[in-house]
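K.L.:
Below you'll find the structure I mean.
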Amino acid sequence: MSSQTIGVVGGGAVGLTASLELARRDVAVTLFEQGRLGSGATGRAAGICYDAYVDQRDAEIAARSLDRFRELGVLTEQPYVWFARADDEVAAAIESHVDGMQRAGRDVSLVEPAAVSERFPGLVTDDVTTAAIARNAGYVDTTEYVELVAARAADAGVSIETQTPVTVTEQGTIQTADGSHSFDAVLVTAGAGTVDVLEATEFDPAVRCYRTQVLVANSAESGTIGGVPMFYDASEEWYGRPTADGVLAGDGSELYAGPPADYERETDASFRTERMAALEQRIDGLVEISDAWAGLCTATPDRDPLVGECLPGLYVATGFCGHGFMRSPAIGAAIAEQILGGDPIAGFEPTRFDGTESIELPVGVTESDAEQQFE
Ligand SMILES: Cc1cc2nc3c(=O)[nH]c(=O)nc-3n(C[C@H](O)[C@H](O)[C@H](O)COP(=O)(O)OP(=O)(O)OC[C@H]3O[C@@H](n4cnc5c(N)ncnc54)[C@H](O)[C@@H]3O)c2cc1C
């Protein structure tokens with residue numbers, strides 16, 4: 001075992017993966033989690049994973065992550081279909097994205113709406129004019145991933161301290177209720193809590209939080225909705241994926257500027273009504289909402305995450321704009337490598353902003369919402 005010690009803050013997909021990867025490289029890792037493992041965005045995620053990115057770097061990170069999910073046996077293979085209705089602008093964007101993704105080496109293509117219905121009879125596509133399919137895709141039960149990686153991390157020697165809220169008081173020092181703990185390096189992967197964890201340091205991460213909602217709608221009998229792919233309705237900006245008994249669906253987001261612990265975890269009545277109405281038109285046989293919840297994500301000005309060293313010996317990984325789970329295996333490995341002297345991921349440097357940039361909004365958040373929240 002090397003004599004190097006690393007403190008990791010946050011027991012979500014990214015922190016757990018990075019901890020395991022560090023421990024495998026013979027580093028002594030202590031992971032601090034304020035609540036339960038996976039109790040942040042990770043345990044609330046839809047678990048949708050694909051490599052359908054236009055940017056080569058993003059596509060490769062996502063593809064490496066999919067391979068890792070497969071190795072771990074947690075990926076349910078399922079194509080991802082996204083589509084537009086009589087909407088020329090959105091249709092043109094889909095065509096251009098497919099072109100870019102193909103250039104990035106991805107297995108995606110435009111597909112006739114009728115061919116989608118034939119392959120996935122559970123999805124109503126009568127009104128669809130343009131559709132695309134990404135074949136390297138699937139979904140993961142995020143709780144299963146957390147439990148598996150946590151068990152492997154513990155086996156590899158990671159000391160996991162749950163129910164332990166912390167702050168970083170200076171470089172290399174983590175403060176718990178019991179006192180200060182010094183490390184050779186500290187990695188903060190605290191999701192929506194990252195800004196607060198780093199408040200006493202000189203680094204102010206360029207991230208904002210937003211709240212997003214999902215629900216699960218069930219059919220009368222398990223397995224009766226027919227074939228449904230993972231899908232994104234690009235004209236109406238909402239997504240879904242199959243579950244054992246129905247469909248999980250979610251949509252846009254609202255900026256959230258309050259304390260991360262205080263956001264509303266229950267879904268809004270309007271969300272449930274609108275999403276269920278849209279689901280009933282898109283998928284036959286759904287009868288009831290069986291579950292629904294909200295969670296917090298983090299966004300950056302350029303929609304790329306902050307991954308890397310922000311002050312000497314202090315590292316951060318956050319700002320995944322709703323795509324952090326699907327990239328967590330590769331991001332966790334990459335930040336572990338970087339902490340041990342490897343190269344940073346070009347373009348993800350956490351210090352690339354000067355604080356004057358406005359945060360680009362994720363899909364579904366309007367400009368006026370943003371102004372109201374951040375004035
Ligand atoms: C409703 C919803 C659906 C989503 N769907 C998808 C999807 O389909 N695919 C996808 O790729 N991504 C999805 N996401 C986004 C994804 O969940 C996140 O990008 C990803 O989980 C981020 O992982 P993380 O480890 O960085 O953060 P988190 O999972 O948020 O983990 C951070 C951890 O830090 C802990 N923490 C915070 N403050 C402190 C502190 N002071 N001390 C100690 N610990 C602290 C928190 O308790 C938390 O456990 C979704 C998110 C939501 C909310």
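Every chain in the structure tokens has a letter given in the order shown (A, B, ...), and although residue numbers restart at 1 in each chain, ligands are simply numbered from 1 in the order shown.
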Could you list, as number ranges by chain, all the residues within 6 Å of ligand 1, counting only C-alpha atoms and all ligand atoms?
P.N.:
A: 9-15, 32-35, 37-42, 44-49, 164-167, 189-193, 197, 212-214, 294-297, 318, 320, 322-326
K.L.:
As a ChimeraX atom specification, please: every residue in range 101-226 of chain A that DSSP puts in strand (DSSP E or B).
P.N.:
/A:108-111,123,128-134,137-140,159-161,167-170,173-176,179-182,185-188,208-219
K.L.:
Taking C-alpha atoms for each residue, export the selection above as a PDB file, in the first residue's frame.
P.N.:
```pdb
ATOM      1  CA  VAL A 108     -26.700   5.966 -34.335  1.00  0.00           C
ATOM      2  CA  SER A 109     -28.882   6.572 -37.368  1.00  0.00           C
ATOM      3  CA  LEU A 110     -32.077   8.192 -38.529  1.00  0.00           C
ATOM      4  CA  VAL A 111     -34.933   5.721 -38.586  1.00  0.00           C
ATOM      5  CA  LEU A 123     -44.607   3.334 -28.311  1.00  0.00           C
ATOM      6  CA  VAL A 128     -43.676  11.408 -35.266  1.00  0.00           C
ATOM      7  CA  THR A 129     -42.054  12.877 -38.384  1.00  0.00           C
ATOM      8  CA  THR A 130     -38.330  12.419 -37.664  1.00  0.00           C
ATOM      9  CA  ALA A 131     -36.711   9.809 -35.437  1.00  0.00           C
ATOM     10  CA  ALA A 132     -33.218   8.603 -34.599  1.00  0.00           C
ATOM     11  CA  ILE A 133     -31.912   5.582 -32.749  1.00  0.00           C
ATOM     12  CA  ALA A 134     -28.785   5.091 -30.633  1.00  0.00           C
ATOM     13  CA  ALA A 137     -27.452   2.318 -24.803  1.00  0.00           C
ATOM     14  CA  GLY A 138     -29.279   0.899 -21.827  1.00  0.00           C
ATOM     15  CA  TYR A 139     -30.330   1.620 -18.288  1.00  0.00           C
ATOM     16  CA  VAL A 140     -28.967   0.853 -14.849  1.00  0.00           C
ATOM     17  CA  SER A 159     -12.869   3.573   4.689  1.00  0.00           C
ATOM     18  CA  ILE A 160     -16.472   4.716   4.175  1.00  0.00           C
ATOM     19  CA  GLU A 161     -17.860   7.170   6.732  1.00  0.00           C
ATOM     20  CA  THR A 167     -16.462  20.870   4.773  1.00  0.00           C
ATOM     21  CA  VAL A 168     -13.062  21.492   3.266  1.00  0.00           C
ATOM     22  CA  THR A 169     -11.425  24.103   5.464  1.00  0.00           C
ATOM     23  CA  GLU A 170      -8.160  24.403   3.578  1.00  0.00           C
ATOM     24  CA  THR A 173      -8.002  19.261   5.244  1.00  0.00           C
ATOM     25  CA  ILE A 174     -11.510  17.935   5.785  1.00  0.00           C
ATOM     26  CA  GLN A 175     -13.499  19.130   8.772  1.00  0.00           C
ATOM     27  CA  THR A 176     -16.019  16.792  10.405  1.00  0.00           C
ATOM     28  CA  GLY A 179     -12.297  17.608  14.094  1.00  0.00           C
ATOM     29  CA  SER A 180      -9.837  18.069  11.226  1.00  0.00           C
ATOM     30  CA  HIS A 181      -8.527  15.278   9.031  1.00  0.00           C
ATOM     31  CA  SER A 182      -5.483  15.876   6.838  1.00  0.00           C
ATOM     32  CA  ALA A 185      -5.156  15.337  -1.604  1.00  0.00           C
ATOM     33  CA  VAL A 186      -8.902  15.880  -1.355  1.00  0.00           C
ATOM     34  CA  LEU A 187     -11.529  15.169  -4.014  1.00  0.00           C
ATOM     35  CA  VAL A 188     -14.933  16.857  -3.695  1.00  0.00           C
ATOM     36  CA  ARG A 208     -25.845  26.235 -10.285  1.00  0.00           C
ATOM     37  CA  CYS A 209     -28.375  23.724  -9.009  1.00  0.00           C
ATOM     38  CA  TYR A 210     -31.597  22.831 -10.714  1.00  0.00           C
ATOM     39  CA  ARG A 211     -34.471  20.628  -9.628  1.00  0.00           C
ATOM     40  CA  THR A 212     -35.863  17.972 -11.924  1.00  0.00           C
ATOM     41  CA  GLN A 213     -38.723  15.479 -11.544  1.00  0.00           C
ATOM     42  CA  VAL A 214     -39.601  11.928 -12.562  1.00  0.00           C
ATOM     43  CA  LEU A 215     -42.517   9.556 -12.103  1.00  0.00           C
ATOM     44  CA  VAL A 216     -43.125   5.863 -12.643  1.00  0.00           C
ATOM     45  CA  ALA A 217     -46.405   4.815 -14.256  1.00  0.00           C
ATOM     46  CA  ASN A 218     -47.479   1.195 -14.159  1.00  0.00           C
ATOM     47  CA  SER A 219     -49.604  -0.976 -16.382  1.00  0.00           C
TER      48      SER A 219
END
```
K.L.:
Between CA of Glu71 in chain A and CA of Asp107 in chain A, what is the distance, to one decimal in Å?
P.N.:
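Answer for the CA of Glu71 in chain A to CA of Asp107 in chain A separation: 19.8 Å.
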K.L.:
Extract, using only C-alpha atoms, all DNA, RNA and protein residues at most 12 Å from Ala154 in chain A, discarding same-chain residues fewer than 4 positions from it, and format them as a PyMOL selection string.
P.N.:
chain A and resi 16-17+19-24+28-31+146-150+158-161
K.L.:
Could you check how far CA of Val124 in chain A sits from CA of Val228 in chain A, in Å to one decimal?
P.N.:
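Distance reported for this atom pair: 9.4 Å.
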K.L.:
Using only C-alpha atoms, which of the listed residues (A:Ile335, A:Val27, A:Val54, A:Met230) sits closest to Phe120 in chain A?
P.N.:
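When distances to Phe120 in chain A are compared using only C-alpha atoms, the smallest one comes from A:Met230.
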K.L.:
Per residue of range 178-235 of chain A within 9 Å of range 345-353 of chain A, what are the shortest atom pair and its distance in Å to one decimal, counting only C-alpha atoms, with rows by chain and residue number, as JSON lines?
P.N.:
```
{"residue": "A:Phe203", "atom": "CA", "partner": "A:Thr351", "partner_atom": "CA", "distance": 8.4}
{"residue": "A:Pro205", "atom": "CA", "partner": "A:Pro350", "partner_atom": "CA", "distance": 7.1}
{"residue": "A:Ala206", "atom": "CA", "partner": "A:Phe353", "partner_atom": "CA", "distance": 6.9}
```
K.L.:
Using DSSP assignments from the backbone, pull out every residue in range 192-275 of chain A that falls under alpha helix (DSSP H) and give it to me as a list in words.
P.N.:
Thr194, Val195, Asp196, Val197, Ala269, Ser270, Phe271, Arg272, Thr273, Glu274 and Arg275 of chain A
